[in-house]
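Structure data (compact mmCIF, C-alpha atoms) from data35.txt:
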# COMPACT_ATOMS: atom_id res chain seq x y z
CA MET C 6 -7.27 -7.98 -5.57
CA ARG C 7 -7.33 -7.31 -9.31
CA LEU C 8 -4.89 -8.95 -11.73
CA LEU C 9 -4.30 -8.59 -15.45
CA LEU C 10 -3.58 -11.82 -17.33
CA ALA C 11 -2.14 -11.45 -20.84
CA GLU C 12 -1.79 -14.84 -22.56
CA ASP C 13 -2.66 -15.48 -26.21
CA THR C 14 -3.34 -19.22 -25.87
CA GLN C 15 -7.06 -19.13 -25.16
CA ASP C 16 -7.36 -22.46 -23.34
CA LEU C 17 -4.43 -21.63 -21.04
CA ASN C 18 -5.74 -18.12 -20.48
CA ARG C 19 -9.14 -19.47 -19.44
CA ALA C 20 -7.62 -22.17 -17.22
CA ILE C 21 -5.40 -19.70 -15.36
CA ALA C 22 -8.24 -17.19 -14.98
CA THR C 23 -10.55 -19.88 -13.59
CA VAL C 24 -8.02 -20.88 -10.94
CA LEU C 25 -7.28 -17.29 -9.96
CA ARG C 26 -10.97 -16.47 -9.63
CA HIS C 27 -11.44 -19.57 -7.50
CA TYR C 28 -8.93 -18.01 -5.10
CA ASN C 29 -10.89 -14.75 -5.05
CA TYR C 30 -8.77 -12.71 -7.44
CA GLU C 31 -10.52 -10.40 -9.89
CA VAL C 32 -9.03 -11.09 -13.32
CA ASP C 33 -9.10 -9.20 -16.59
CA CYS C 34 -7.97 -11.29 -19.56
CA ALA C 35 -6.07 -10.00 -22.59
CA PHE C 36 -5.09 -12.12 -25.58
CA ASP C 37 -2.45 -9.90 -27.18
CA GLY C 38 -0.05 -7.15 -26.13
CA GLU C 39 -2.06 -4.24 -27.48
CA GLU C 40 -5.15 -5.38 -25.59
CA ALA C 41 -3.03 -5.68 -22.44
CA LEU C 42 -1.88 -2.07 -22.79
CA THR C 43 -5.48 -0.95 -23.32
CA TYR C 44 -6.42 -2.52 -19.97
CA LEU C 45 -3.36 -1.01 -18.28
CA ASN C 46 -4.25 2.47 -19.52
CA ARG C 47 -7.70 2.40 -17.94
CA GLN C 48 -7.38 0.24 -14.81
CA HIS C 49 -4.98 -0.25 -11.90
CA TYR C 50 -3.83 -3.80 -11.07
CA GLU C 51 -2.10 -5.33 -8.07
CA ALA C 52 0.00 -7.50 -10.41
CA VAL C 53 0.30 -8.32 -14.11
CA ILE C 54 0.95 -11.75 -15.65
CA LEU C 55 2.50 -11.38 -19.11
CA ASP C 56 3.23 -14.11 -21.62
CA ILE C 57 6.40 -13.20 -23.53
CA MET C 58 5.26 -14.53 -26.91
CA MET C 59 2.07 -12.67 -27.87
CA PRO C 60 0.76 -11.20 -31.14
CA LYS C 61 0.68 -7.47 -31.96
CA LYS C 62 3.02 -6.63 -29.06
CA ASP C 63 5.03 -9.21 -27.16
CA GLY C 64 5.30 -9.27 -23.38
CA ILE C 65 8.71 -7.59 -23.35
CA ALA C 66 7.38 -4.64 -25.38
CA VAL C 67 4.39 -4.32 -23.04
CA LEU C 68 6.69 -4.39 -20.02
CA GLN C 69 9.02 -1.79 -21.50
CA GLU C 70 6.10 0.53 -22.21
CA MET C 71 4.79 0.08 -18.68
CA ARG C 72 8.12 1.01 -17.12
CA SER C 73 8.67 3.93 -19.50
CA ASN C 74 5.31 5.27 -18.25
CA ASP C 75 6.48 4.92 -14.62
CA ASP C 76 4.06 2.05 -14.03
CA ILE C 77 5.49 0.19 -11.02
CA THR C 78 2.93 -2.65 -11.01
CA PRO C 79 4.68 -5.99 -10.28
CA VAL C 80 5.04 -8.13 -13.42
CA LEU C 81 5.36 -11.91 -13.69
CA LEU C 82 6.56 -13.13 -17.10
CA LEU C 83 5.40 -16.48 -18.49
CA THR C 84 8.10 -18.01 -20.67
CA ALA C 85 8.93 -21.16 -22.61
CA LYS C 86 12.03 -23.14 -21.66
CA ALA C 87 13.83 -22.05 -24.84
CA GLU C 88 13.35 -18.33 -24.16
CA VAL C 89 16.42 -17.84 -21.93
CA ASP C 90 17.52 -14.63 -23.63
CA ASP C 91 13.98 -13.24 -23.42
CA ARG C 92 13.87 -13.97 -19.70
CA VAL C 93 17.09 -12.06 -19.17
CA THR C 94 15.83 -9.19 -21.34
CA GLY C 95 12.57 -9.16 -19.39
CA LEU C 96 14.27 -9.00 -16.00
CA ASP C 97 16.56 -6.24 -17.27
CA ALA C 98 13.48 -4.37 -18.54
CA GLY C 99 11.89 -4.41 -15.10
CA ALA C 100 10.09 -7.73 -14.66
CA ASP C 101 9.82 -8.82 -11.04
CA ASP C 102 9.75 -12.57 -11.63
CA TYR C 103 9.28 -15.21 -14.32
CA LEU C 104 7.69 -18.65 -14.52
CA VAL C 105 8.63 -21.31 -17.09
CA LYS C 106 5.90 -23.21 -18.94
CA PRO C 107 4.56 -25.74 -18.19
CA PHE C 108 4.02 -24.83 -14.56
CA ALA C 109 1.90 -25.98 -11.64
CA MET C 110 -0.97 -23.69 -10.68
CA LYS C 111 0.18 -23.86 -7.04
CA GLU C 112 3.51 -22.35 -8.07
CA LEU C 113 1.77 -19.60 -10.02
CA LEU C 114 -0.32 -18.73 -6.98
CA ALA C 115 2.78 -18.68 -4.77
CA ARG C 116 4.58 -16.34 -7.20
CA ILE C 117 1.60 -13.97 -7.24
CA ARG C 118 1.46 -13.91 -3.43
CA SER C 119 5.17 -13.10 -3.37
CA LEU C 120 4.76 -10.28 -5.89
CA THR C 121 1.92 -8.65 -4.01
CA ARG C 122 3.89 -8.86 -0.73
CA ARG C 123 6.76 -7.02 -2.43
CA ASN C 124 4.27 -4.41 -3.57
CA ASP C 125 3.21 -3.89 0.05
CA ASP C 126 6.86 -3.39 1.04
CA TYR C 127 7.30 -0.82 -1.70
CA ASP C 128 4.22 1.03 -0.55
CA ARG C 129 5.89 1.70 2.82
CA ARG C 130 8.64 3.80 1.20
CA ASP C 131 8.50 7.58 0.94
CA VAL C 132 7.09 8.80 -2.36
CA SER C 133 7.57 12.04 -4.28
CA VAL C 134 5.49 13.71 -6.98
CA GLY C 135 6.29 17.15 -8.36
CA ASN C 136 7.73 19.22 -5.51
CA VAL C 137 5.88 17.16 -2.88
CA THR C 138 7.23 14.30 -0.75
CA LEU C 139 5.17 12.03 1.47
CA ASN C 140 6.96 10.70 4.55
CA VAL C 141 4.95 7.50 4.98
CA GLU C 142 6.27 6.65 8.44
CA ASN C 143 5.52 10.09 9.90
CA GLU C 144 2.43 10.63 7.72
CA GLU C 145 3.76 14.05 6.75
CA LEU C 146 3.44 15.90 3.45
CA SER C 147 6.27 18.30 2.57
CA SER C 148 6.93 20.91 -0.11
CA LEU C 149 7.92 24.51 0.66
CA ASN C 150 6.62 23.68 4.13
CA SER C 151 5.12 20.61 5.81
CA ILE C 152 1.79 19.39 7.15
CA ARG C 153 0.67 16.27 8.99
CA LEU C 154 -1.94 13.96 7.48
CA SER C 155 -4.48 11.66 9.03
CA HIS C 156 -3.88 7.96 8.37
CA LYS C 157 -6.57 7.82 5.67
CA GLU C 158 -5.24 10.96 4.01
CA CYS C 159 -1.77 9.41 3.97
CA GLU C 160 -3.06 6.19 2.41
CA LEU C 161 -5.06 8.12 -0.17
CA PHE C 162 -2.16 10.34 -1.22
CA LYS C 163 0.17 7.33 -1.40
CA GLU C 164 -2.18 5.48 -3.75
CA LEU C 165 -2.53 8.52 -5.99
CA ALA C 166 1.23 9.11 -5.98
CA LEU C 167 2.18 5.52 -6.82
CA HIS C 168 -0.11 5.21 -9.83
CA LYS C 169 0.04 7.34 -12.95
CA ASN C 170 -3.42 6.35 -14.24
CA PRO C 171 -6.62 7.67 -12.63
CA LEU C 172 -7.92 5.60 -9.71
CA ASP C 173 -11.66 5.11 -9.62
CA THR C 174 -13.87 5.33 -6.56
CA LYS C 175 -14.41 1.57 -6.43
CA TYR C 176 -10.67 0.91 -6.29
CA LEU C 177 -10.20 3.46 -3.50
CA PHE C 178 -13.06 1.87 -1.53
CA GLU C 179 -11.42 -1.56 -1.77
CA LYS C 180 -7.86 -0.38 -1.11
CA ILE C 181 -8.36 2.10 1.72
CA TRP C 182 -11.83 1.60 3.18
CA LYS C 183 -12.34 -2.13 2.65
CA GLY C 184 -14.97 -3.50 5.04
CA GLU C 185 -15.94 -0.03 6.28
CA GLU C 186 -19.33 1.57 5.81
CA VAL C 187 -18.47 4.62 3.73
CA SER C 188 -20.04 6.39 0.78
CA GLU C 189 -18.76 8.27 -2.27
CA ASP C 190 -19.18 11.43 -0.22
CA THR C 191 -16.58 10.14 2.25
CA ILE C 192 -13.95 9.73 -0.46
CA TRP C 193 -14.83 13.13 -1.91
CA LEU C 194 -14.43 14.67 1.54
CA TYR C 195 -10.93 13.21 1.91
CA ILE C 196 -10.03 14.33 -1.62
CA SER C 197 -11.11 17.84 -0.64
CA TYR C 198 -9.03 17.69 2.57
CA LEU C 199 -5.95 16.61 0.60
CA LYS C 200 -6.43 19.30 -2.06
CA GLY C 201 -6.56 21.91 0.69
CA LYS C 202 -3.42 20.58 2.36
CA LEU C 203 -1.52 20.47 -0.93
CA GLN C 204 -2.46 24.09 -1.48
CA SER C 205 -1.38 25.02 2.05
CA ILE C 206 2.18 23.71 1.49
CA ASN C 207 2.48 25.47 -1.88
CA ALA C 208 2.54 22.22 -3.85
CA ASN C 209 2.81 22.39 -7.61
CA ILE C 210 0.38 19.46 -7.90
CA THR C 211 -3.28 18.98 -7.08
CA ILE C 212 -5.93 16.26 -7.43
CA ALA C 213 -8.10 16.17 -10.54
CA GLY C 214 -11.44 14.36 -10.62
CA GLU C 215 -15.12 14.64 -9.78
CA ARG C 216 -17.27 13.23 -7.00
CA GLY C 217 -18.01 9.55 -7.65
CA GLY C 218 -15.51 9.35 -10.51
CA SER C 219 -11.78 8.81 -10.87
CA PHE C 220 -8.93 10.81 -9.37
CA GLN C 221 -5.28 11.46 -10.17
CA LEU C 222 -2.48 13.82 -9.25
CA VAL C 223 -1.83 16.49 -11.87
CA ASN C 224 0.25 19.61 -12.31
CA ASN C 225 -1.66 22.64 -11.08
CA GLU C 226 -1.54 24.16 -14.54
CA GLN C 227 -3.07 21.02 -16.07
CA GLU C 228 -6.17 21.28 -13.87
CA CYS C 229 -6.60 24.90 -14.91
CA ASP C 230 -6.58 23.79 -18.56
Using structure tokens, write down the structure that the file contains.
Amino acid sequence: MRLLLAEDTQDLNRAIATVLRHYNYEVDCAFDGEEALTYLNRQHYEAVILDIMMPKKDGIAVLQEMRSNDDITPVLLLTAKAEVDDRVTGLDAGADDYLVKPFAMKELLARIRSLTRRNDDYDRRDVSVGNVTLNVENEELSSLNSIRLSHKECELFKELALHKNPLDTKYLFEKIWKGEEVSEDTIWLYISYLKGKLQSINANITIAGERGGSFQLVNNEQECD
């Protein structure tokens, strides 16, 4: 499970990252808001830990930009005791939780577990992109008409639909085929199946990407460009 940690105090950043890695999280560390957004624009995360007070862009600005880009990744804000108004602003802007400094590492870990459980609950909801809706429970894709998906196809479309940024092959391996013996060709095969099914229901979206690379849902006209 990959997390983004954005905290400008280097010692605290390193201490938190060390604990998280000890508990088998993959962690990318940013030390200001602009660096955090750079990571967010090129990588998907299961959760983001944002310090409110950071240079270049503060945590609230980063959060607002995430939500304006339809990024639904759960966000935990780190705040000082005096930042009551910022906590309220952060929650109103779309933060999922906050933690007041100083905090116990056990509490941080518990908050992260809670956030990722909420993410799993969200993933069970129906999702829509363009003129296409995925009924997660029935594993059915609908547009001008409907078609049933296999379980893996359903999981693959759901991941692509829930994330605006491209998802790389490694992420899809870990999220959908974790522990299974599959190759890049397997993912490409399922991508091809899904592209065909989207076409068969007259969807106005398709899947862009190349074998072994990253994939994302795009407007049909965008892929032609």
For C:Ser148: contacts at 7 Å, all atoms listed in the file, fewer than 6 positions along chain excluded, given as an MDAnalysis selection string: chainID C and resid 136:138 206:208
Pick from C:Ala22, C:Val93, C:Leu199, C:Leu167 nearest to C:Thr78, counting all atoms listed in the file: C:Leu167
Minimum-distance residue to C:Ala66, chosen among C:Thr43, C:Thr94, C:Gln48, C:Ser147 (using all atoms listed in the file): C:Thr94
Contacts of C:Gly218 within 6 Å, only C-alpha atoms, excl. fewer than 2 positions in-chain, as a list of chain:residue names: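 Within the cut-off, the hits are C:Asp173, C:Thr174, C:Glu215, C:Arg216.
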All residues 8 Å or closer to C:His49, all atoms listed in the file, same chain fewer than 2 positions away omitted, as an MDAnalysis selection string: chainID C and resid 7 45 47 51 168 170 172
d(atom CA of C:Asn18, atom CA of C:Tyr50) in Å: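 The value is 17.2 Å.
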Among listed residues C:Ser119, C:Ile57, C:Lys157, C:Asn224, nearest C:Leu194 (using only C-alpha atoms):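 Among C:Ser119, C:Ile57, C:Lys157, C:Asn224, it is C:Lys157 that comes nearest to C:Leu194.
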Atomic separation - atom CA of C:Asp131 relative to atom CA of C:Leu114, Å: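 Result for atom CA of C:Leu114 versus atom CA of C:Asp131: 28.9 Å, one decimal.
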Surrounding residues of stretch 96-103 of chain C excluding itself and chain neighbours under 3 positions, 12 Å, all atoms listed in the file, as a ChimeraX atom specification: /C:52-57,64-73,75-86,88-93,106,108,112-113,115-124
Residues within 10 Å of (1.0, -27.0, -17.4), file coords, all atoms listed in the file, listed as a count of residues only: 9
